[in-house]
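**Q** model_1.txt is reproduced in full below (compact mmCIF, C-alpha atoms).
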```txt
# COMPACT_ATOMS: atom_id res chain seq x y z
CA MET A 1 28.07 -45.57 -75.44
CA THR A 2 25.92 -44.19 -78.22
CA GLY A 3 22.28 -44.80 -78.96
CA SER A 4 23.20 -46.94 -81.92
CA GLU A 5 23.83 -49.87 -79.61
CA ILE A 6 20.25 -49.85 -78.33
CA GLY A 7 18.65 -51.19 -81.46
CA THR A 8 15.92 -50.03 -83.78
CA ALA A 9 12.96 -50.11 -81.37
CA ASP A 10 12.16 -47.89 -78.42
CA ARG A 11 13.66 -44.60 -79.52
CA ALA A 12 12.54 -41.21 -78.28
CA VAL A 13 10.47 -39.47 -80.96
CA LEU A 14 9.66 -35.77 -80.86
CA CYS A 15 5.87 -35.23 -80.84
CA GLY A 16 5.33 -31.80 -79.31
CA ILE A 17 7.19 -28.55 -78.72
CA GLY A 18 6.66 -25.27 -76.91
CA HIS A 19 8.55 -22.31 -75.56
CA TRP A 20 8.16 -19.27 -73.36
CA LEU A 21 9.99 -16.00 -72.81
CA PRO A 22 9.37 -13.65 -69.90
CA ALA A 23 7.78 -10.38 -70.97
CA ARG A 24 10.51 -7.97 -69.92
CA VAL A 25 12.96 -7.13 -72.72
CA VAL A 26 16.33 -5.56 -71.93
CA THR A 27 18.01 -3.61 -74.75
CA ASN A 28 21.70 -2.91 -75.28
CA ALA A 29 21.00 0.80 -74.85
CA GLU A 30 19.56 0.18 -71.39
CA LEU A 31 22.63 -1.84 -70.39
CA CYS A 32 25.04 0.76 -71.72
CA ALA A 33 23.36 3.42 -69.60
CA ARG A 34 24.50 1.65 -66.44
CA LEU A 35 27.47 -0.51 -67.46
CA ASP A 36 30.84 0.63 -68.73
CA THR A 37 30.37 -0.78 -72.22
CA SER A 38 29.12 0.25 -75.65
CA GLU A 39 26.39 -0.99 -77.97
CA ASP A 40 29.06 -1.42 -80.59
CA TRP A 41 31.12 -3.68 -78.32
CA ILE A 42 28.15 -5.82 -77.33
CA LEU A 43 26.96 -6.27 -80.89
CA SER A 44 30.36 -6.97 -82.46
CA ARG A 45 31.51 -9.17 -79.63
CA THR A 46 28.35 -11.22 -79.09
CA GLY A 47 25.81 -10.51 -81.83
CA ILE A 48 23.15 -9.78 -79.19
CA SER A 49 20.65 -6.88 -79.36
CA THR A 50 18.08 -7.83 -76.71
CA ARG A 51 17.50 -10.41 -74.05
CA HIS A 52 14.49 -11.27 -71.83
CA GLN A 53 14.52 -11.12 -68.06
CA VAL A 54 12.33 -12.54 -65.29
CA GLU A 55 10.48 -10.08 -63.05
CA PRO A 56 11.55 -9.67 -59.43
CA GLY A 57 10.12 -12.63 -57.52
CA GLN A 58 9.65 -14.77 -60.63
CA GLY A 59 11.34 -18.18 -60.60
CA THR A 60 12.39 -20.75 -63.12
CA SER A 61 9.28 -22.83 -62.44
CA GLU A 62 7.08 -20.14 -64.01
CA LEU A 63 9.08 -20.30 -67.23
CA ALA A 64 9.08 -24.11 -67.19
CA ILE A 65 5.33 -24.36 -66.57
CA GLU A 66 4.45 -22.10 -69.51
CA ALA A 67 6.82 -23.84 -71.92
CA GLY A 68 5.73 -27.26 -70.67
CA ARG A 69 2.07 -26.36 -71.10
CA ALA A 70 2.71 -25.27 -74.68
CA ALA A 71 4.59 -28.48 -75.47
CA LEU A 72 1.87 -30.69 -73.98
CA LYS A 73 -0.75 -28.85 -76.04
CA SER A 74 1.37 -29.27 -79.15
CA ALA A 75 1.55 -33.02 -78.42
CA GLY A 76 -2.22 -33.23 -78.23
CA GLY A 77 -2.65 -33.21 -74.47
CA VAL A 78 -1.31 -36.74 -73.99
CA PRO A 79 -0.35 -38.12 -70.58
CA VAL A 80 3.34 -38.36 -69.76
CA GLU A 81 5.07 -40.64 -67.27
CA ALA A 82 8.02 -38.40 -66.45
CA VAL A 83 8.92 -34.73 -66.27
CA VAL A 84 12.61 -33.92 -66.74
CA LEU A 85 13.68 -30.32 -66.17
CA ALA A 86 17.10 -29.22 -67.35
CA THR A 87 18.09 -26.10 -65.47
CA THR A 88 21.06 -24.31 -63.92
CA THR A 89 18.74 -22.10 -61.86
CA PRO A 90 16.36 -24.16 -59.73
CA ASP A 91 13.81 -22.10 -57.76
CA TYR A 92 15.49 -23.34 -54.55
CA PRO A 93 18.71 -25.29 -53.84
CA CYS A 94 16.37 -28.02 -52.53
CA PRO A 95 14.16 -29.67 -53.67
CA ALA A 96 14.38 -29.95 -57.45
CA THR A 97 12.03 -27.69 -59.39
CA ALA A 98 10.56 -30.42 -61.61
CA PRO A 99 8.03 -31.85 -59.09
CA ALA A 100 6.39 -28.43 -58.59
CA VAL A 101 6.30 -27.94 -62.35
CA ALA A 102 4.74 -31.37 -62.82
CA SER A 103 2.08 -30.61 -60.19
CA ALA A 104 1.26 -27.24 -61.73
CA LEU A 105 0.77 -28.94 -65.10
CA GLY A 106 -1.64 -31.46 -63.62
CA LEU A 107 0.98 -34.21 -63.80
CA GLY A 108 1.38 -34.60 -60.06
CA GLY A 109 2.52 -38.10 -59.16
CA VAL A 110 4.78 -38.87 -62.12
CA ALA A 111 8.54 -39.18 -61.89
CA ALA A 112 9.95 -35.65 -61.87
CA PHE A 113 13.54 -34.47 -61.45
CA ASP A 114 16.03 -31.86 -62.53
CA VAL A 115 19.05 -32.44 -64.74
CA ALA A 116 22.01 -30.11 -64.26
CA ALA A 117 24.38 -29.68 -67.20
CA VAL A 118 24.30 -25.90 -67.69
CA CYS A 119 24.29 -25.11 -71.40
CA SER A 120 24.43 -28.79 -72.34
CA GLY A 121 21.26 -29.35 -70.30
CA PHE A 122 18.95 -30.05 -73.22
CA LEU A 123 21.23 -32.68 -74.76
CA TYR A 124 21.75 -34.34 -71.39
CA GLY A 125 17.98 -34.12 -70.87
CA LEU A 126 17.36 -35.74 -74.27
CA ALA A 127 19.64 -38.62 -73.31
CA THR A 128 17.81 -38.96 -70.00
CA ALA A 129 14.40 -38.98 -71.69
CA ALA A 130 15.64 -41.42 -74.34
CA GLY A 131 16.88 -43.69 -71.56
CA LEU A 132 13.55 -43.61 -69.70
CA ILE A 133 11.79 -44.54 -72.92
CA ALA A 134 14.26 -47.22 -74.00
CA SER A 135 14.08 -48.88 -70.58
CA GLY A 136 10.30 -49.02 -70.79
CA MET A 137 9.82 -46.78 -67.74
CA ALA A 138 7.99 -44.15 -69.76
CA GLN A 139 5.90 -44.09 -72.91
CA ARG A 140 6.20 -40.33 -73.03
CA VAL A 141 8.44 -37.80 -71.35
CA LEU A 142 8.00 -34.06 -70.98
CA LEU A 143 11.48 -32.55 -71.23
CA ILE A 144 11.73 -28.89 -70.33
CA ALA A 145 14.81 -26.68 -70.34
CA ALA A 146 14.22 -23.48 -68.38
CA GLU A 147 16.69 -20.88 -67.18
CA ALA A 148 16.46 -17.69 -65.16
CA PHE A 149 20.17 -17.22 -65.82
CA THR A 150 20.09 -13.46 -65.28
CA THR A 151 19.58 -14.21 -61.58
CA LEU A 152 23.12 -15.66 -61.41
CA LEU A 153 24.83 -12.58 -62.78
CA ASP A 154 26.71 -9.80 -61.03
CA PRO A 155 24.62 -6.81 -62.18
CA ASP A 156 27.80 -4.76 -62.62
CA ASP A 157 29.68 -7.37 -64.68
CA ARG A 158 29.88 -5.99 -68.21
CA THR A 159 31.37 -9.24 -69.49
CA THR A 160 28.36 -11.40 -68.58
CA VAL A 161 25.30 -9.16 -68.19
CA PRO A 162 25.01 -8.35 -71.90
CA ILE A 163 25.25 -12.02 -72.82
CA PHE A 164 22.68 -13.97 -70.85
CA GLY A 165 18.90 -13.99 -71.09
CA ASP A 166 16.05 -15.92 -69.50
CA GLY A 167 13.68 -18.30 -71.24
CA ALA A 168 12.39 -21.83 -71.62
CA GLY A 169 11.77 -24.47 -74.27
CA ALA A 170 10.05 -27.81 -73.90
CA VAL A 171 9.46 -30.95 -75.91
CA VAL A 172 7.33 -34.05 -75.55
CA LEU A 173 9.07 -37.27 -76.55
CA ARG A 174 7.20 -40.53 -77.12
CA ARG A 175 8.29 -44.08 -77.65
CA GLY A 176 8.81 -44.95 -81.31
CA GLN A 177 11.12 -46.30 -83.97
CA ALA A 178 14.46 -44.97 -85.18
CA SER A 179 13.09 -44.75 -88.71
CA GLU A 180 10.29 -42.32 -87.80
CA PRO A 181 10.48 -38.58 -88.48
CA GLY A 182 11.30 -36.94 -85.17
CA ALA A 183 13.27 -39.91 -83.82
CA ILE A 184 16.24 -38.66 -81.84
CA GLY A 185 19.44 -40.09 -83.29
CA PRO A 186 22.37 -41.47 -81.31
CA ILE A 187 23.30 -38.97 -78.60
CA VAL A 188 26.93 -38.10 -77.86
CA LEU A 189 27.68 -36.73 -74.39
CA GLY A 190 30.94 -35.83 -72.68
CA SER A 191 32.48 -33.99 -69.77
CA ASP A 192 35.73 -32.59 -68.46
CA GLY A 193 35.66 -32.02 -64.74
CA ASP A 194 39.29 -30.87 -64.68
CA ARG A 195 38.05 -27.62 -66.16
CA ASN A 196 35.02 -27.19 -63.91
CA GLU A 197 36.11 -23.72 -62.81
CA MET A 198 35.88 -22.25 -66.32
CA ILE A 199 32.11 -21.71 -66.03
CA ILE A 200 31.07 -21.49 -62.40
CA VAL A 201 29.14 -20.00 -59.52
CA LYS A 202 31.34 -20.77 -56.54
CA GLY A 203 29.17 -19.49 -53.70
CA GLY A 204 25.85 -20.70 -52.36
CA GLY A 205 26.59 -24.40 -52.43
CA ALA A 206 27.75 -27.07 -50.00
CA ARG A 207 31.38 -26.12 -50.25
CA GLN A 208 30.67 -22.63 -48.97
CA ARG A 209 28.12 -23.78 -46.40
CA SER A 210 30.49 -26.32 -44.88
CA GLY A 211 32.72 -23.42 -43.89
CA GLY A 212 36.48 -23.52 -43.85
CA PRO A 213 39.02 -20.88 -44.79
CA GLY A 214 37.81 -18.45 -47.43
CA ALA A 215 34.30 -19.86 -47.52
CA GLU A 216 32.58 -16.53 -46.91
CA SER A 217 34.38 -14.83 -49.74
CA LEU A 218 33.38 -17.33 -52.43
CA PRO A 219 31.70 -15.25 -55.14
CA GLN A 220 27.90 -15.41 -55.23
CA TYR A 221 27.88 -14.59 -58.91
CA PHE A 222 28.55 -16.38 -62.18
CA GLN A 223 32.07 -16.32 -63.55
CA MET A 224 33.27 -17.42 -66.96
CA ALA A 225 36.74 -17.52 -68.55
CA GLY A 226 35.66 -15.99 -71.87
CA ARG A 227 38.53 -16.79 -74.21
CA GLU A 228 39.15 -20.30 -72.94
CA VAL A 229 35.44 -21.07 -73.14
CA PHE A 230 35.34 -19.77 -76.70
CA ARG A 231 38.05 -22.18 -77.75
CA GLU A 232 36.72 -25.19 -75.83
CA ALA A 233 33.18 -24.60 -77.08
CA ILE A 234 34.22 -24.62 -80.72
CA GLU A 235 36.47 -27.66 -80.32
CA ARG A 236 34.07 -29.78 -78.28
CA MET A 237 30.96 -28.93 -80.29
CA SER A 238 32.77 -29.58 -83.54
CA ALA A 239 34.11 -32.93 -82.31
CA SER A 240 30.84 -34.14 -80.79
CA ALA A 241 28.85 -32.98 -83.82
CA THR A 242 31.19 -34.95 -86.07
CA GLU A 243 30.76 -38.00 -83.85
CA ALA A 244 26.97 -37.70 -83.80
CA LEU A 245 26.85 -37.41 -87.59
CA ALA A 246 29.02 -40.49 -87.99
CA ALA A 247 26.84 -42.44 -85.54
CA VAL A 248 23.68 -41.73 -87.53
CA GLY A 249 25.41 -42.15 -90.88
CA TRP A 250 25.02 -38.61 -92.20
CA ASN A 251 27.58 -36.57 -94.09
CA LEU A 252 28.04 -32.88 -93.28
CA SER A 253 26.42 -32.12 -96.62
CA ASP A 254 23.28 -33.96 -95.43
CA VAL A 255 22.72 -31.42 -92.66
CA ASP A 256 19.92 -29.01 -93.52
CA ARG A 257 19.88 -27.14 -90.23
CA MET A 258 22.30 -26.82 -87.35
CA VAL A 259 20.74 -25.85 -84.03
CA ALA A 260 23.65 -25.42 -81.68
CA HIS A 261 23.72 -23.86 -78.25
CA GLN A 262 24.16 -20.16 -78.85
CA ALA A 263 26.53 -18.77 -76.27
CA ASN A 264 27.78 -16.07 -78.58
CA ALA A 265 27.09 -15.51 -82.27
CA ARG A 266 30.84 -15.65 -82.95
CA ILE A 267 31.10 -19.20 -81.60
CA ASN A 268 28.37 -20.45 -83.90
CA ALA A 269 29.93 -18.69 -86.88
CA ALA A 270 33.32 -20.22 -86.08
CA LEU A 271 31.73 -23.63 -85.51
CA ALA A 272 29.94 -23.51 -88.87
CA SER A 273 33.15 -22.43 -90.54
CA MET A 274 35.13 -25.21 -88.88
CA LEU A 275 32.57 -27.85 -89.85
CA GLY A 276 32.23 -26.46 -93.37
CA LEU A 277 28.50 -25.74 -93.07
CA ARG A 278 26.90 -23.10 -95.28
CA PRO A 279 25.78 -20.01 -93.30
CA GLU A 280 22.09 -20.54 -94.16
CA VAL A 281 22.23 -23.93 -92.41
CA VAL A 282 22.97 -22.26 -89.08
CA LEU A 283 19.77 -21.20 -87.30
CA GLN A 284 20.06 -18.38 -84.77
CA ASN A 285 17.95 -16.22 -82.52
CA ILE A 286 20.65 -15.06 -80.14
CA ALA A 287 20.25 -11.47 -81.35
CA GLN A 288 16.78 -11.36 -79.78
CA VAL A 289 17.06 -13.68 -76.78
CA GLY A 290 20.77 -13.76 -75.81
CA ASN A 291 22.41 -16.81 -74.34
CA THR A 292 19.62 -18.71 -72.58
CA ALA A 293 21.92 -21.49 -71.40
CA GLY A 294 20.21 -24.91 -71.40
CA ALA A 295 17.02 -23.46 -72.87
CA SER A 296 18.72 -22.17 -76.00
CA ILE A 297 18.28 -25.23 -78.19
CA PRO A 298 14.58 -26.03 -77.59
CA LEU A 299 13.75 -22.30 -77.63
CA LEU A 300 15.33 -21.93 -81.07
CA LEU A 301 13.78 -25.16 -82.34
CA ALA A 302 10.32 -23.98 -81.26
CA GLN A 303 10.67 -20.50 -82.75
CA ALA A 304 12.21 -21.76 -85.99
CA ALA A 305 9.50 -24.37 -86.42
CA GLN A 306 6.86 -21.68 -85.89
CA SER A 307 8.44 -19.26 -88.32
CA GLY A 308 9.01 -21.95 -90.93
CA THR A 309 12.80 -21.75 -91.16
CA LEU A 310 12.77 -25.27 -89.74
CA LYS A 311 10.53 -27.53 -91.83
CA PRO A 312 9.38 -31.15 -91.67
CA GLY A 313 11.93 -33.29 -93.44
CA HIS A 314 14.88 -31.09 -92.52
CA ARG A 315 17.84 -33.05 -91.20
CA VAL A 316 18.86 -31.28 -87.99
CA LEU A 317 22.17 -31.36 -86.15
CA LEU A 318 22.09 -30.43 -82.46
CA ALA A 319 25.23 -29.50 -80.53
CA ALA A 320 25.85 -28.01 -77.12
CA PHE A 321 28.68 -27.10 -74.78
CA GLY A 322 28.53 -25.81 -71.26
CA GLY A 323 29.69 -25.71 -67.69
CA GLY A 324 31.00 -28.88 -66.14
CA LEU A 325 32.55 -28.77 -68.57
CA THR A 326 29.95 -30.70 -70.52
CA TRP A 327 29.07 -31.19 -74.17
CA GLY A 328 26.68 -33.13 -76.31
CA ALA A 329 25.38 -33.61 -79.83
CA SER A 330 22.66 -35.48 -81.66
CA THR A 331 20.54 -35.46 -84.78
CA LEU A 332 16.92 -35.80 -85.86
CA THR A 333 14.81 -35.38 -88.95
CA TRP A 334 12.23 -32.70 -88.17
CA PRO A 335 8.70 -34.09 -87.98
CA GLU A 336 5.29 -32.57 -88.66
CA LEU A 337 4.13 -31.00 -85.41
CA ASP A 338 1.08 -29.11 -84.13
CA LEU A 339 2.47 -25.68 -83.31
CA MET W 1 52.21 -16.60 -96.61
CA TYR W 2 50.46 -13.21 -96.33
CA GLU W 3 48.04 -14.32 -99.04
CA LEU W 4 47.24 -17.46 -97.05
CA LEU W 5 46.62 -15.43 -93.89
CA LYS W 6 44.46 -13.01 -95.86
CA THR W 7 42.39 -15.90 -97.22
CA ILE W 8 41.93 -17.33 -93.74
CA LEU W 9 40.93 -13.96 -92.28
CA ILE W 10 38.40 -13.27 -95.00
CA GLU W 11 36.98 -16.74 -95.68
CA ASP W 12 37.20 -18.41 -92.27
CA LEU W 13 36.95 -15.47 -89.90
CA LYS W 14 34.71 -13.40 -92.19
CA LEU W 15 36.70 -10.20 -91.68
CA ASP W 16 36.06 -7.24 -93.98
CA PRO W 17 38.43 -7.56 -96.98
CA ALA W 18 38.72 -3.77 -97.15
CA GLU W 19 40.36 -3.75 -93.70
CA VAL W 20 42.85 -6.54 -94.41
CA SER W 21 46.28 -5.35 -95.59
CA PRO W 22 49.86 -6.22 -94.53
CA ASP W 23 50.25 -2.92 -92.65
CA ALA W 24 46.86 -3.11 -91.00
CA SER W 25 46.95 -3.28 -87.25
CA ARG W 26 45.44 -6.39 -85.76
CA GLU W 27 42.63 -4.34 -84.23
CA ASP W 28 41.85 -2.35 -87.39
CA ALA W 29 41.62 -5.58 -89.36
CA GLY W 30 38.92 -6.65 -86.91
CA LEU W 31 40.95 -9.36 -85.21
CA ASP W 32 39.90 -9.04 -81.57
CA SER W 33 40.62 -11.32 -78.64
CA LEU W 34 37.98 -13.82 -79.76
CA GLY W 35 39.15 -13.65 -83.35
CA VAL W 36 42.70 -14.59 -82.37
CA VAL W 37 41.38 -17.72 -80.65
CA GLU W 38 39.68 -18.72 -83.87
CA LEU W 39 42.77 -17.85 -85.91
CA SER W 40 44.94 -19.94 -83.60
CA MET W 41 42.60 -22.91 -84.11
CA VAL W 42 42.50 -22.53 -87.89
CA LEU W 43 46.31 -22.27 -88.10
CA SER W 44 46.60 -25.42 -86.03
CA ARG W 45 44.20 -27.35 -88.26
CA ARG W 46 45.25 -25.90 -91.58
CA LEU W 47 49.04 -25.61 -91.18
CA ASP W 48 49.59 -27.90 -88.22
CA ILE W 49 51.44 -25.14 -86.37
CA ASP W 50 51.05 -24.12 -82.77
CA ILE W 51 50.57 -20.39 -82.18
CA SER W 52 48.62 -19.51 -79.04
CA ASP W 53 46.03 -16.75 -78.88
CA ASP W 54 48.20 -15.05 -76.23
CA GLU W 55 51.06 -14.86 -78.71
CA LEU W 56 48.78 -13.48 -81.41
CA LEU W 57 47.38 -10.85 -79.04
CA GLU W 58 50.88 -9.49 -78.51
CA LEU W 59 51.38 -8.84 -82.23
CA LYS W 60 50.33 -5.44 -83.47
CA THR W 61 50.13 -5.85 -87.25
CA LEU W 62 49.13 -8.51 -89.73
CA ALA W 63 52.69 -8.41 -91.09
CA ALA W 64 53.95 -9.42 -87.66
CA ILE W 65 51.51 -12.32 -87.62
CA VAL W 66 52.72 -13.44 -91.04
CA GLN W 67 56.28 -13.33 -89.75
CA LEU W 68 55.44 -15.53 -86.77
CA ILE W 69 53.59 -18.01 -88.98
CA GLU W 70 56.60 -18.21 -91.28
CA GLN W 71 58.88 -18.82 -88.31
CA ARG W 72 56.68 -21.57 -86.94
CA THR W 73 56.28 -23.22 -90.33
CA ALA W 74 60.05 -23.33 -90.60
CA GLY W 75 60.15 -24.98 -87.20
CA VAL W 76 61.70 -22.03 -85.37
CA ARG W 77 60.50 -21.74 -81.76
```
Show me this structure written as structure tokens.

**A**
Amino acid sequence: MTGSEIGTADRAVLCGIGHWLPARVVTNAELCARLDTSEDWILSRTGISTRHQVEPGQGTSELAIEAGRAALKSAGGVPVEAVVLATTTPDYPCPATAPAVASALGLGGVAAFDVAAVCSGFLYGLATAAGLIASGMAQRVLLIAAEAFTTLLDPDDRTTVPIFGDGAGAVVLRRGQASEPGAIGPIVLGSDGDRNEMIIVKGGGARQRSGGPGAESLPQYFQMAGREVFREAIERMSASATEALAAVGWNLSDVDRMVAHQANARINAALASMLGLRPEVVLQNIAQVGNTAGASIPLLLAQAAQSGTLKPGHRVLLAAFGGGLTWGASTLTWPELDL
Amino acid sequence: MYELLKTILIEDLKLDPAEVSPDASREDAGLDSLGVVELSMVLSRRLDIDISDDELLELKTLAAIVQLIEQRTAGVR
């Protein structure tokens, strides 16, 4: 089902945005001093120069609170009826991190829950927020995507450590009309659970805790099948982007900016090439922040809006792909915002 | 067919034209293990032929890739 079946009223409209990056910056040089890799390899393979990292003892909630606070301020300090947190790295396996974030933001009492869709988290979160608004349950939703992804990584894994970074982005969505600037267009979502092992942390969950043969040896760290993910990411993002454009009635040539999940600069370049988008349409900040998983899209949107590379009136295509496997795409026309 | 591959490598994969020649090794041309995935996808879309990235990784030169493309286009498995 796409959003186009819901009708012209009660859409989610973007009315505030914020982001936050932890202070600690990790350079390629620092990684090469302790990992068997080279700056050349990292840069040519991923396009990444630096990434941010949480301090020891810092959790995802800290990132989410700061980004959420910035988004609420941007929206003019309005009340919200729900806090949705997209994250792969909750502070604890139980409970969800969103209630603590809501309380810290002075929103204690509202509906608050986490959404887990790894790098597709923001798109899945958008759909969730849009649903809360369309059903009349919320006038406004604070949607945060926050990841302390570096905490999932094997510190000696040269194939993942250079790639991932920590960070958070947040948006406030209010009830409005499809015709308004900032209205989120029809959202395409998908999944493929047959390939759930392509992007995975096998240890630490119920399957390990329930015991059984081999349970103890399930890896505690993040694993990813690089080449297969590369292919799937390009194919799924290209297909869902095409579907989202068709649903909103845009041609590829109508797209002013593509803000896709940035797992690797090469994926976004290949995606743009495959879709036939001009290079200047593709926004990126992966060189500075790395792959921030579910936070990547709102983080880039916030930074690009602040720097002016994303302007009111720009027609924006969003696309994501991540563990699950999951994928999603949508569109919006960028509104005027208080930044 | 080499000219078509060259066009794909330069325009789609954005490889450095100076490094692309028939005798160039796959690596020297800049076609790494991610690049072959992209090439495999472009060949499938553009020429409707099925060459896996594993197969491409085994080939050492661009000439060898051209040869495989020609075989597949002719329907030889």

**Q** Please identify every residue of chain A that has at least one atom no more than 12 Å from any atom of chain W, counting only C-alpha atoms, and report them as a VMD selection string.

**A** chain A and resid 41 44 to 46 225 to 235 238 264 to 279

**Q** One number please: CA of Tyr2 in chain W to CA of Ser52 in chain W, in Å, one decimal.

**A**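 Those two atoms sit 18.5 Å apart.
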
**Q** Please identify all polymer residues within 7 Å of Ala96 in chain A, counting only C-alpha atoms, omitting same-chain residues fewer than 5 positions from it, and present them as a PyMOL selection string.

**A** chain A and resi 90+113-114

**Q** Name the residues in contact with Leu47 in chain W at a cut-off of 10 Å, using only C-alpha atoms, excluding same-chain residues fewer than 3 positions from it; report them as a VMD selection string.

**A** chain W and resid 41 to 44 50 69 72 to 73

**Q** May I have the residues from that selection written out with C-alpha atoms, as a short mmCIF file (atom, residue, chain, number, x, y, z; two decimals), in the frame of the given file?

**A**
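Written output follows (selection_13.cif):
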```
data_model
loop_
_atom_site.label_atom_id
_atom_site.label_comp_id
_atom_site.auth_asym_id
_atom_site.auth_seq_id
_atom_site.Cartn_x
_atom_site.Cartn_y
_atom_site.Cartn_z
CA MET W 41 42.60 -22.91 -84.11
CA VAL W 42 42.50 -22.53 -87.89
CA LEU W 43 46.31 -22.27 -88.10
CA SER W 44 46.60 -25.42 -86.03
CA ASP W 50 51.05 -24.12 -82.77
CA ILE W 69 53.59 -18.01 -88.98
CA ARG W 72 56.68 -21.57 -86.94
CA THR W 73 56.28 -23.22 -90.33
#
```

**Q** Show me, as an NGL selection string, the residues that have an atom within 9 Å of range 307-320 of chain A when counting all atoms listed in the file, minus same-chain residues fewer than 5 positions from it.

**A** :A and (119-123 or 181-182 or 233 or 236-238 or 240-241 or 244-245 or 254-262 or 283 or 294 or 297 or 301-302 or 326-337)

**Q** To one decimal place, how far is CA of Gly75 in chain W from CA of Glu27 in chain W in Å?

**A**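 Pair CA of Gly75 in chain W / CA of Glu27 in chain W returns 27.2 Å.
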
**Q** Just to confirm, what's the straight-line distance from CA of Arg140 in chain A to CA of Trp250 in chain A in Å (one decimal)?

**A**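 Computing it gives 26.9 Å between the two atoms.
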
**Q** Taking the partial coordinates given, rebuild range 34-49 of chain W to contain N, CA and C atoms; return it as a PDB file, in the frame of the given file.

**A**
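As a result, selection27.pdb now contains:
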```
ATOM      1  N   LEU W  34      38.660 -12.574 -79.398  1.00  0.00           N
ATOM      2  CA  LEU W  34      37.980 -13.820 -79.760  1.00  0.00           C
ATOM      3  C   LEU W  34      38.453 -14.293 -81.129  1.00  0.00           C
ATOM      4  N   GLY W  35      38.682 -13.332 -81.998  1.00  0.00           N
ATOM      5  CA  GLY W  35      39.150 -13.650 -83.350  1.00  0.00           C
ATOM      6  C   GLY W  35      40.500 -14.354 -83.324  1.00  0.00           C
ATOM      7  N   VAL W  36      41.380 -13.955 -82.396  1.00  0.00           N
ATOM      8  CA  VAL W  36      42.700 -14.590 -82.370  1.00  0.00           C
ATOM      9  C   VAL W  36      42.593 -16.046 -81.896  1.00  0.00           C
ATOM     10  N   VAL W  37      41.592 -16.327 -81.061  1.00  0.00           N
ATOM     11  CA  VAL W  37      41.380 -17.720 -80.650  1.00  0.00           C
ATOM     12  C   VAL W  37      41.016 -18.548 -81.872  1.00  0.00           C
ATOM     13  N   GLU W  38      40.100 -18.001 -82.667  1.00  0.00           N
ATOM     14  CA  GLU W  38      39.680 -18.720 -83.870  1.00  0.00           C
ATOM     15  C   GLU W  38      40.845 -18.873 -84.839  1.00  0.00           C
ATOM     16  N   LEU W  39      41.626 -17.796 -84.999  1.00  0.00           N
ATOM     17  CA  LEU W  39      42.770 -17.850 -85.910  1.00  0.00           C
ATOM     18  C   LEU W  39      43.756 -18.917 -85.455  1.00  0.00           C
ATOM     19  N   SER W  40      44.027 -18.951 -84.161  1.00  0.00           N
ATOM     20  CA  SER W  40      44.940 -19.940 -83.600  1.00  0.00           C
ATOM     21  C   SER W  40      44.463 -21.364 -83.927  1.00  0.00           C
ATOM     22  N   MET W  41      43.149 -21.585 -83.837  1.00  0.00           N
ATOM     23  CA  MET W  41      42.600 -22.910 -84.110  1.00  0.00           C
ATOM     24  C   MET W  41      42.712 -23.263 -85.597  1.00  0.00           C
ATOM     25  N   VAL W  42      42.432 -22.269 -86.451  1.00  0.00           N
ATOM     26  CA  VAL W  42      42.500 -22.530 -87.890  1.00  0.00           C
ATOM     27  C   VAL W  42      43.937 -22.814 -88.311  1.00  0.00           C
ATOM     28  N   LEU W  43      44.904 -22.054 -87.760  1.00  0.00           N
ATOM     29  CA  LEU W  43      46.310 -22.270 -88.100  1.00  0.00           C
ATOM     30  C   LEU W  43      46.757 -23.669 -87.674  1.00  0.00           C
ATOM     31  N   SER W  44      46.242 -24.091 -86.524  1.00  0.00           N
ATOM     32  CA  SER W  44      46.600 -25.420 -86.030  1.00  0.00           C
ATOM     33  C   SER W  44      46.054 -26.502 -86.966  1.00  0.00           C
ATOM     34  N   ARG W  45      44.808 -26.346 -87.402  1.00  0.00           N
ATOM     35  CA  ARG W  45      44.200 -27.350 -88.260  1.00  0.00           C
ATOM     36  C   ARG W  45      44.762 -27.302 -89.676  1.00  0.00           C
ATOM     37  N   ARG W  46      44.898 -26.069 -90.178  1.00  0.00           N
ATOM     38  CA  ARG W  46      45.250 -25.900 -91.580  1.00  0.00           C
ATOM     39  C   ARG W  46      46.742 -26.137 -91.821  1.00  0.00           C
ATOM     40  N   LEU W  47      47.597 -25.562 -90.954  1.00  0.00           N
ATOM     41  CA  LEU W  47      49.040 -25.610 -91.180  1.00  0.00           C
ATOM     42  C   LEU W  47      49.763 -26.479 -90.163  1.00  0.00           C
ATOM     43  N   ASP W  48      49.014 -27.032 -89.248  1.00  0.00           N
ATOM     44  CA  ASP W  48      49.590 -27.900 -88.220  1.00  0.00           C
ATOM     45  C   ASP W  48      50.675 -27.179 -87.416  1.00  0.00           C
ATOM     46  N   ILE W  49      50.476 -25.869 -87.188  1.00  0.00           N
ATOM     47  CA  ILE W  49      51.440 -25.140 -86.370  1.00  0.00           C
ATOM     48  C   ILE W  49      50.751 -24.632 -85.106  1.00  0.00           C
TER      49      ILE W  49
END
```
